[in-house]
Amino acid sequence: MTATGPSGDELLRLLGALANPHRLRIVAALRAERAYVSQLARELGISRALLQLHLRKLEAVGLVSASLELSEDGKAMKFYEVKPFLVELSPGTIAAAAPTLTSPDTVDQGERP
(Lines give C-alpha, C1' and ligand atoms only; values in the text may rest on other atoms or scores of the structure.)
Protein backbone atom coordinates (compact mmCIF):
# COMPACT_ATOMS: atom_id res chain seq x y z
CA MET A 1 0.00 0.00 0.00
CA THR A 2 1.11 3.52 -0.66
CA ALA A 3 0.75 6.42 1.75
CA THR A 4 -2.43 7.44 -0.09
CA GLY A 5 -3.97 3.98 -0.13
CA PRO A 6 -3.72 0.66 -1.93
CA SER A 7 -2.61 0.35 -5.54
CA GLY A 8 -5.25 -0.78 -8.00
CA ASP A 9 -3.98 -4.35 -7.94
CA GLU A 10 -3.83 -4.38 -4.12
CA LEU A 11 -7.36 -3.03 -3.90
CA LEU A 12 -8.64 -5.73 -6.26
CA ARG A 13 -6.90 -8.46 -4.25
CA LEU A 14 -8.30 -7.13 -0.95
CA LEU A 15 -11.84 -6.77 -2.29
CA GLY A 16 -11.61 -10.17 -4.01
CA ALA A 17 -10.50 -11.80 -0.77
CA LEU A 18 -13.42 -10.26 1.11
CA ALA A 19 -15.99 -10.94 -1.63
CA ASN A 20 -17.05 -14.25 -0.13
CA PRO A 21 -19.45 -14.85 2.76
CA HIS A 22 -17.22 -17.54 4.32
CA ARG A 23 -14.23 -15.21 4.35
CA LEU A 24 -16.26 -12.39 5.88
CA ARG A 25 -17.39 -14.78 8.64
CA ILE A 26 -13.79 -15.92 9.20
CA VAL A 27 -12.56 -12.34 9.64
CA ALA A 28 -15.47 -11.61 11.98
CA ALA A 29 -14.77 -14.72 14.08
CA LEU A 30 -11.04 -14.02 14.29
CA ARG A 31 -11.70 -10.42 15.29
CA ALA A 32 -12.82 -11.66 18.70
CA GLU A 33 -9.89 -14.02 19.28
CA ARG A 34 -7.34 -16.11 17.47
CA ALA A 35 -8.32 -19.70 16.81
CA TYR A 36 -6.93 -22.96 15.50
CA VAL A 37 -8.33 -24.55 12.37
CA SER A 38 -10.48 -27.28 13.96
CA GLN A 39 -11.97 -24.86 16.49
CA LEU A 40 -12.76 -22.29 13.82
CA ALA A 41 -14.25 -24.90 11.46
CA ARG A 42 -16.62 -26.10 14.21
CA GLU A 43 -17.57 -22.54 15.12
CA LEU A 44 -18.36 -21.63 11.50
CA GLY A 45 -19.93 -24.96 10.59
CA ILE A 46 -17.71 -25.62 7.56
CA SER A 47 -15.21 -28.35 6.75
CA ARG A 48 -11.57 -27.93 7.67
CA ALA A 49 -10.58 -28.31 4.01
CA LEU A 50 -12.89 -25.50 2.91
CA LEU A 51 -11.81 -23.34 5.83
CA GLN A 52 -8.13 -23.81 5.00
CA LEU A 53 -8.79 -22.81 1.39
CA HIS A 54 -10.35 -19.55 2.56
CA LEU A 55 -7.68 -18.94 5.21
CA ARG A 56 -4.96 -19.27 2.56
CA LYS A 57 -6.70 -16.64 0.43
CA LEU A 58 -6.98 -14.26 3.41
CA GLU A 59 -3.38 -14.90 4.40
CA ALA A 60 -2.12 -14.29 0.85
CA VAL A 61 -3.47 -10.74 0.90
CA GLY A 62 -2.26 -10.07 4.44
CA LEU A 63 -5.59 -10.00 6.26
CA VAL A 64 -4.79 -12.91 8.59
CA SER A 65 -1.59 -14.46 9.88
CA ALA A 66 -0.80 -17.95 11.11
CA SER A 67 1.49 -19.42 13.73
CA LEU A 68 2.26 -23.03 14.54
CA GLU A 69 2.20 -24.03 18.20
CA LEU A 70 2.46 -27.27 20.13
CA SER A 71 -0.41 -28.32 22.37
CA GLU A 72 0.21 -29.78 25.82
CA ASP A 73 0.01 -33.28 24.35
CA GLY A 74 2.57 -32.44 21.64
CA LYS A 75 0.21 -31.99 18.68
CA ALA A 76 1.00 -29.21 16.22
CA MET A 77 -1.80 -26.66 16.07
CA LYS A 78 -1.99 -23.88 13.51
CA PHE A 79 -3.50 -20.74 15.00
CA TYR A 80 -4.86 -17.90 12.88
CA GLU A 81 -5.50 -14.32 13.86
CA VAL A 82 -6.80 -11.33 11.98
CA LYS A 83 -4.26 -8.61 11.30
CA PRO A 84 -5.36 -5.02 11.87
CA PHE A 85 -6.33 -3.36 8.61
CA LEU A 86 -8.28 -0.39 7.39
CA VAL A 87 -9.20 0.22 3.78
CA GLU A 88 -11.17 3.30 2.91
CA LEU A 89 -13.42 2.62 -0.03
CA SER A 90 -14.60 5.81 -1.64
CA PRO A 91 -14.79 7.25 -5.14
CA GLY A 92 -11.53 9.07 -4.36
CA THR A 93 -9.75 5.90 -3.25
CA ILE A 94 -10.90 4.10 -6.38
CA ALA A 95 -9.90 7.02 -8.61
CA ALA A 96 -6.42 7.05 -7.05
CA ALA A 97 -6.02 3.28 -7.38
CA ALA A 98 -7.39 2.87 -10.93
CA PRO A 99 -4.41 4.36 -12.82
CA THR A 100 -2.05 1.95 -11.03
CA LEU A 101 -3.75 -1.20 -12.34
CA THR A 102 -1.23 -3.33 -14.21
CA SER A 103 -3.81 -4.14 -16.89
CA PRO A 104 -7.45 -3.20 -17.50
CA ASP A 105 -8.62 -6.74 -16.80
CA THR A 106 -6.56 -7.56 -13.69
CA VAL A 107 -8.62 -10.24 -11.95
CA ASP A 108 -7.64 -13.46 -10.20
CA GLN A 109 -8.23 -16.27 -12.67
CA GLY A 110 -9.98 -18.27 -9.95
CA GLU A 111 -12.39 -15.45 -9.15
CA ARG A 112 -13.83 -14.82 -12.61
CA PRO A 113 -17.64 -14.83 -12.70
# chains A, B, ... in the order shown; residues from 1 in each chain; ligands from 1

$ residues_around --residues "Asp9 of chain A" --least-positions-apart "6" --cutoff "8 Å" --atoms "only C-alpha atoms" --output "PyMOL selection string"
chain A and resi 97+100-102+106

$ write_last_selection --atoms "all heavy atoms" --output "PDB file, in the first residue's frame"
ATOM      1  N   ALA A  97      -6.536   4.625  -7.141  1.00  0.00           N
ATOM      2  CA  ALA A  97      -6.018   3.283  -7.383  1.00  0.00           C
ATOM      3  C   ALA A  97      -6.111   2.871  -8.855  1.00  0.00           C
ATOM      4  O   ALA A  97      -5.250   2.146  -9.352  1.00  0.00           O
ATOM      5  CB  ALA A  97      -6.774   2.270  -6.513  1.00  0.00           C
ATOM      6  N   THR A 100      -3.178   2.814 -11.376  1.00  0.00           N
ATOM      7  CA  THR A 100      -2.049   1.950 -11.033  1.00  0.00           C
ATOM      8  C   THR A 100      -2.300   0.483 -11.382  1.00  0.00           C
ATOM      9  O   THR A 100      -1.440  -0.355 -11.122  1.00  0.00           O
ATOM     10  CB  THR A 100      -1.704   2.057  -9.532  1.00  0.00           C
ATOM     11  OG1 THR A 100      -2.780   1.512  -8.762  1.00  0.00           O
ATOM     12  CG2 THR A 100      -1.468   3.496  -9.119  1.00  0.00           C
ATOM     13  N   LEU A 101      -3.470   0.175 -11.932  1.00  0.00           N
ATOM     14  CA  LEU A 101      -3.753  -1.204 -12.338  1.00  0.00           C
ATOM     15  C   LEU A 101      -2.729  -1.640 -13.381  1.00  0.00           C
ATOM     16  O   LEU A 101      -2.399  -0.870 -14.283  1.00  0.00           O
ATOM     17  CB  LEU A 101      -5.160  -1.331 -12.909  1.00  0.00           C
ATOM     18  CG  LEU A 101      -6.302  -1.176 -11.908  1.00  0.00           C
ATOM     19  CD1 LEU A 101      -7.623  -0.991 -12.637  1.00  0.00           C
ATOM     20  CD2 LEU A 101      -6.362  -2.370 -10.980  1.00  0.00           C
ATOM     21  N   THR A 102      -2.236  -2.872 -13.258  1.00  0.00           N
ATOM     22  CA  THR A 102      -1.226  -3.333 -14.206  1.00  0.00           C
ATOM     23  C   THR A 102      -1.822  -3.644 -15.570  1.00  0.00           C
ATOM     24  O   THR A 102      -1.127  -3.612 -16.563  1.00  0.00           O
ATOM     25  CB  THR A 102      -0.487  -4.569 -13.671  1.00  0.00           C
ATOM     26  OG1 THR A 102      -1.438  -5.580 -13.357  1.00  0.00           O
ATOM     27  CG2 THR A 102       0.330  -4.205 -12.445  1.00  0.00           C
ATOM     28  N   THR A 106      -7.235  -6.878 -14.784  1.00  0.00           N
ATOM     29  CA  THR A 106      -6.556  -7.564 -13.695  1.00  0.00           C
ATOM     30  C   THR A 106      -7.592  -8.171 -12.758  1.00  0.00           C
ATOM     31  O   THR A 106      -8.288  -7.477 -12.055  1.00  0.00           O
ATOM     32  CB  THR A 106      -5.656  -6.599 -12.894  1.00  0.00           C
ATOM     33  OG1 THR A 106      -4.731  -6.013 -13.795  1.00  0.00           O
ATOM     34  CG2 THR A 106      -4.924  -7.321 -11.792  1.00  0.00           C
TER      35      THR A 106
END

$ residues_around --residues "Leu58 of chain A" --least-positions-apart "4" --cutoff "9 Å" --atoms "only C-alpha atoms" --output "VMD selection string"
chain A and resid 14 17 to 18 23 27 53 to 54 62 to 65

$ select_by_dssp --residues "chain A" --states "strand (DSSP E)" --output "ChimeraX atom specification"
/A:35-36,64-70,76-82

$ closest_residue --among "A:Ala35, A:Leu55, A:Leu86, A:Ile26" --to "Pro6 of chain A" --atoms "only C-alpha atoms"
A:Leu86

$ select_by_dssp --residues "chain A" --states "alpha helix (DSSP H)" --output "VMD selection string"
chain A and resid 8 to 18 21 to 32 37 to 44 48 to 60 91 to 97

$ decode --residues "segment 34-81 of chain A" --atoms "N, CA and C atoms" --output "PDB file, in the first residue's frame"
ATOM      1  N   ARG A  34      -7.999 -15.200  18.396  1.00  0.00           N
ATOM      2  CA  ARG A  34      -7.336 -16.112  17.472  1.00  0.00           C
ATOM      3  C   ARG A  34      -7.895 -17.517  17.702  1.00  0.00           C
ATOM      4  N   ALA A  35      -7.759 -18.361  16.696  1.00  0.00           N
ATOM      5  CA  ALA A  35      -8.325 -19.702  16.808  1.00  0.00           C
ATOM      6  C   ALA A  35      -7.515 -20.674  15.962  1.00  0.00           C
ATOM      7  N   TYR A  36      -7.564 -21.948  16.332  1.00  0.00           N
ATOM      8  CA  TYR A  36      -6.929 -22.961  15.500  1.00  0.00           C
ATOM      9  C   TYR A  36      -7.965 -23.515  14.538  1.00  0.00           C
ATOM     10  N   VAL A  37      -7.488 -24.165  13.498  1.00  0.00           N
ATOM     11  CA  VAL A  37      -8.333 -24.552  12.372  1.00  0.00           C
ATOM     12  C   VAL A  37      -9.546 -25.374  12.799  1.00  0.00           C
ATOM     13  N   SER A  38      -9.351 -26.423  13.579  1.00  0.00           N
ATOM     14  CA  SER A  38     -10.484 -27.280  13.958  1.00  0.00           C
ATOM     15  C   SER A  38     -11.526 -26.503  14.755  1.00  0.00           C
ATOM     16  N   GLN A  39     -11.063 -25.682  15.678  1.00  0.00           N
ATOM     17  CA  GLN A  39     -11.966 -24.864  16.495  1.00  0.00           C
ATOM     18  C   GLN A  39     -12.778 -23.920  15.613  1.00  0.00           C
ATOM     19  N   LEU A  40     -12.102 -23.257  14.701  1.00  0.00           N
ATOM     20  CA  LEU A  40     -12.763 -22.292  13.822  1.00  0.00           C
ATOM     21  C   LEU A  40     -13.740 -22.994  12.873  1.00  0.00           C
ATOM     22  N   ALA A  41     -13.361 -24.154  12.360  1.00  0.00           N
ATOM     23  CA  ALA A  41     -14.250 -24.904  11.463  1.00  0.00           C
ATOM     24  C   ALA A  41     -15.539 -25.290  12.178  1.00  0.00           C
ATOM     25  N   ARG A  42     -15.408 -25.755  13.423  1.00  0.00           N
ATOM     26  CA  ARG A  42     -16.615 -26.100  14.209  1.00  0.00           C
ATOM     27  C   ARG A  42     -17.471 -24.864  14.445  1.00  0.00           C
ATOM     28  N   GLU A  43     -16.836 -23.781  14.824  1.00  0.00           N
ATOM     29  CA  GLU A  43     -17.565 -22.544  15.119  1.00  0.00           C
ATOM     30  C   GLU A  43     -18.330 -22.037  13.905  1.00  0.00           C
ATOM     31  N   LEU A  44     -17.731 -22.142  12.719  1.00  0.00           N
ATOM     32  CA  LEU A  44     -18.358 -21.629  11.501  1.00  0.00           C
ATOM     33  C   LEU A  44     -19.228 -22.659  10.789  1.00  0.00           C
ATOM     34  N   GLY A  45     -19.123 -23.917  11.206  1.00  0.00           N
ATOM     35  CA  GLY A  45     -19.933 -24.961  10.587  1.00  0.00           C
ATOM     36  C   GLY A  45     -19.519 -25.297   9.168  1.00  0.00           C
ATOM     37  N   ILE A  46     -18.207 -25.241   8.884  1.00  0.00           N
ATOM     38  CA  ILE A  46     -17.708 -25.615   7.563  1.00  0.00           C
ATOM     39  C   ILE A  46     -16.583 -26.633   7.737  1.00  0.00           C
ATOM     40  N   SER A  47     -16.258 -27.333   6.668  1.00  0.00           N
ATOM     41  CA  SER A  47     -15.207 -28.349   6.746  1.00  0.00           C
ATOM     42  C   SER A  47     -13.842 -27.691   6.919  1.00  0.00           C
ATOM     43  N   ARG A  48     -12.927 -28.450   7.498  1.00  0.00           N
ATOM     44  CA  ARG A  48     -11.570 -27.929   7.667  1.00  0.00           C
ATOM     45  C   ARG A  48     -10.924 -27.646   6.321  1.00  0.00           C
ATOM     46  N   ALA A  49     -11.169 -28.498   5.336  1.00  0.00           N
ATOM     47  CA  ALA A  49     -10.575 -28.309   4.011  1.00  0.00           C
ATOM     48  C   ALA A  49     -11.053 -26.994   3.384  1.00  0.00           C
ATOM     49  N   LEU A  50     -12.358 -26.737   3.460  1.00  0.00           N
ATOM     50  CA  LEU A  50     -12.892 -25.497   2.914  1.00  0.00           C
ATOM     51  C   LEU A  50     -12.369 -24.297   3.700  1.00  0.00           C
ATOM     52  N   LEU A  51     -12.322 -24.416   5.001  1.00  0.00           N
ATOM     53  CA  LEU A  51     -11.808 -23.342   5.835  1.00  0.00           C
ATOM     54  C   LEU A  51     -10.361 -23.027   5.476  1.00  0.00           C
ATOM     55  N   GLN A  52      -9.537 -24.045   5.322  1.00  0.00           N
ATOM     56  CA  GLN A  52      -8.132 -23.814   4.996  1.00  0.00           C
ATOM     57  C   GLN A  52      -7.968 -23.141   3.641  1.00  0.00           C
ATOM     58  N   LEU A  53      -8.810 -23.471   2.693  1.00  0.00           N
ATOM     59  CA  LEU A  53      -8.787 -22.810   1.389  1.00  0.00           C
ATOM     60  C   LEU A  53      -9.029 -21.303   1.559  1.00  0.00           C
ATOM     61  N   HIS A  54     -10.032 -20.954   2.344  1.00  0.00           N
ATOM     62  CA  HIS A  54     -10.352 -19.545   2.560  1.00  0.00           C
ATOM     63  C   HIS A  54      -9.293 -18.846   3.405  1.00  0.00           C
ATOM     64  N   LEU A  55      -8.745 -19.533   4.390  1.00  0.00           N
ATOM     65  CA  LEU A  55      -7.683 -18.941   5.208  1.00  0.00           C
ATOM     66  C   LEU A  55      -6.452 -18.642   4.369  1.00  0.00           C
ATOM     67  N   ARG A  56      -6.110 -19.521   3.443  1.00  0.00           N
ATOM     68  CA  ARG A  56      -4.958 -19.272   2.563  1.00  0.00           C
ATOM     69  C   ARG A  56      -5.172 -18.015   1.728  1.00  0.00           C
ATOM     70  N   LYS A  57      -6.379 -17.830   1.243  1.00  0.00           N
ATOM     71  CA  LYS A  57      -6.698 -16.643   0.434  1.00  0.00           C
ATOM     72  C   LYS A  57      -6.557 -15.378   1.290  1.00  0.00           C
ATOM     73  N   LEU A  58      -7.086 -15.416   2.503  1.00  0.00           N
ATOM     74  CA  LEU A  58      -6.981 -14.257   3.406  1.00  0.00           C
ATOM     75  C   LEU A  58      -5.537 -13.995   3.819  1.00  0.00           C
ATOM     76  N   GLU A  59      -4.783 -15.056   4.021  1.00  0.00           N
ATOM     77  CA  GLU A  59      -3.375 -14.899   4.405  1.00  0.00           C
ATOM     78  C   GLU A  59      -2.557 -14.336   3.243  1.00  0.00           C
ATOM     79  N   ALA A  60      -2.861 -14.748   2.028  1.00  0.00           N
ATOM     80  CA  ALA A  60      -2.119 -14.293   0.847  1.00  0.00           C
ATOM     81  C   ALA A  60      -2.206 -12.780   0.652  1.00  0.00           C
ATOM     82  N   VAL A  61      -3.326 -12.188   1.054  1.00  0.00           N
ATOM     83  CA  VAL A  61      -3.471 -10.738   0.900  1.00  0.00           C
ATOM     84  C   VAL A  61      -3.140  -9.984   2.192  1.00  0.00           C
ATOM     85  N   GLY A  62      -2.708 -10.706   3.209  1.00  0.00           N
ATOM     86  CA  GLY A  62      -2.257 -10.065   4.442  1.00  0.00           C
ATOM     87  C   GLY A  62      -3.336  -9.705   5.443  1.00  0.00           C
ATOM     88  N   LEU A  63      -4.517 -10.313   5.330  1.00  0.00           N
ATOM     89  CA  LEU A  63      -5.591  -9.998   6.262  1.00  0.00           C
ATOM     90  C   LEU A  63      -5.556 -10.862   7.516  1.00  0.00           C
ATOM     91  N   VAL A  64      -4.973 -12.047   7.422  1.00  0.00           N
ATOM     92  CA  VAL A  64      -4.793 -12.910   8.586  1.00  0.00           C
ATOM     93  C   VAL A  64      -3.359 -13.421   8.596  1.00  0.00           C
ATOM     94  N   SER A  65      -2.911 -13.845   9.766  1.00  0.00           N
ATOM     95  CA  SER A  65      -1.593 -14.463   9.882  1.00  0.00           C
ATOM     96  C   SER A  65      -1.733 -15.764  10.649  1.00  0.00           C
ATOM     97  N   ALA A  66      -0.761 -16.640  10.482  1.00  0.00           N
ATOM     98  CA  ALA A  66      -0.804 -17.953  11.114  1.00  0.00           C
ATOM     99  C   ALA A  66       0.467 -18.193  11.908  1.00  0.00           C
ATOM    100  N   SER A  67       0.328 -18.988  12.956  1.00  0.00           N
ATOM    101  CA  SER A  67       1.488 -19.419  13.733  1.00  0.00           C
ATOM    102  C   SER A  67       1.262 -20.862  14.168  1.00  0.00           C
ATOM    103  N   LEU A  68       2.325 -21.634  14.156  1.00  0.00           N
ATOM    104  CA  LEU A  68       2.257 -23.031  14.539  1.00  0.00           C
ATOM    105  C   LEU A  68       2.705 -23.161  15.985  1.00  0.00           C
ATOM    106  N   GLU A  69       1.892 -23.844  16.789  1.00  0.00           N
ATOM    107  CA  GLU A  69       2.201 -24.028  18.204  1.00  0.00           C
ATOM    108  C   GLU A  69       1.967 -25.476  18.582  1.00  0.00           C
ATOM    109  N   LEU A  70       2.655 -25.918  19.624  1.00  0.00           N
ATOM    110  CA  LEU A  70       2.462 -27.275  20.125  1.00  0.00           C
ATOM    111  C   LEU A  70       1.482 -27.254  21.283  1.00  0.00           C
ATOM    112  N   SER A  71       0.541 -28.193  21.262  1.00  0.00           N
ATOM    113  CA  SER A  71      -0.406 -28.324  22.370  1.00  0.00           C
ATOM    114  C   SER A  71       0.299 -29.035  23.517  1.00  0.00           C
ATOM    115  N   GLU A  72      -0.363 -29.117  24.652  1.00  0.00           N
ATOM    116  CA  GLU A  72       0.214 -29.785  25.824  1.00  0.00           C
ATOM    117  C   GLU A  72       0.535 -31.248  25.556  1.00  0.00           C
ATOM    118  N   ASP A  73      -0.252 -31.870  24.664  1.00  0.00           N
ATOM    119  CA  ASP A  73       0.008 -33.280  24.345  1.00  0.00           C
ATOM    120  C   ASP A  73       0.942 -33.450  23.146  1.00  0.00           C
ATOM    121  N   GLY A  74       1.563 -32.370  22.691  1.00  0.00           N
ATOM    122  CA  GLY A  74       2.572 -32.442  21.636  1.00  0.00           C
ATOM    123  C   GLY A  74       2.060 -32.361  20.216  1.00  0.00           C
ATOM    124  N   LYS A  75       0.771 -32.106  20.034  1.00  0.00           N
ATOM    125  CA  LYS A  75       0.212 -31.988  18.684  1.00  0.00           C
ATOM    126  C   LYS A  75       0.458 -30.578  18.152  1.00  0.00           C
ATOM    127  N   ALA A  76       0.803 -30.508  16.866  1.00  0.00           N
ATOM    128  CA  ALA A  76       0.995 -29.212  16.222  1.00  0.00           C
ATOM    129  C   ALA A  76      -0.369 -28.612  15.915  1.00  0.00           C
ATOM    130  N   MET A  77      -0.540 -27.368  16.303  1.00  0.00           N
ATOM    131  CA  MET A  77      -1.804 -26.665  16.067  1.00  0.00           C
ATOM    132  C   MET A  77      -1.492 -25.353  15.353  1.00  0.00           C
ATOM    133  N   LYS A  78      -2.183 -25.109  14.259  1.00  0.00           N
ATOM    134  CA  LYS A  78      -1.987 -23.876  13.507  1.00  0.00           C
ATOM    135  C   LYS A  78      -3.052 -22.870  13.930  1.00  0.00           C
ATOM    136  N   PHE A  79      -2.601 -21.797  14.547  1.00  0.00           N
ATOM    137  CA  PHE A  79      -3.499 -20.738  14.998  1.00  0.00           C
ATOM    138  C   PHE A  79      -3.524 -19.620  13.976  1.00  0.00           C
ATOM    139  N   TYR A  80      -4.696 -19.043  13.777  1.00  0.00           N
ATOM    140  CA  TYR A  80      -4.859 -17.903  12.882  1.00  0.00           C
ATOM    141  C   TYR A  80      -5.385 -16.723  13.683  1.00  0.00           C
ATOM    142  N   GLU A  81      -4.955 -15.542  13.272  1.00  0.00           N
ATOM    143  CA  GLU A  81      -5.496 -14.322  13.858  1.00  0.00           C
ATOM    144  C   GLU A  81      -5.625 -13.274  12.767  1.00  0.00           C
TER     145      GLU A  81
END
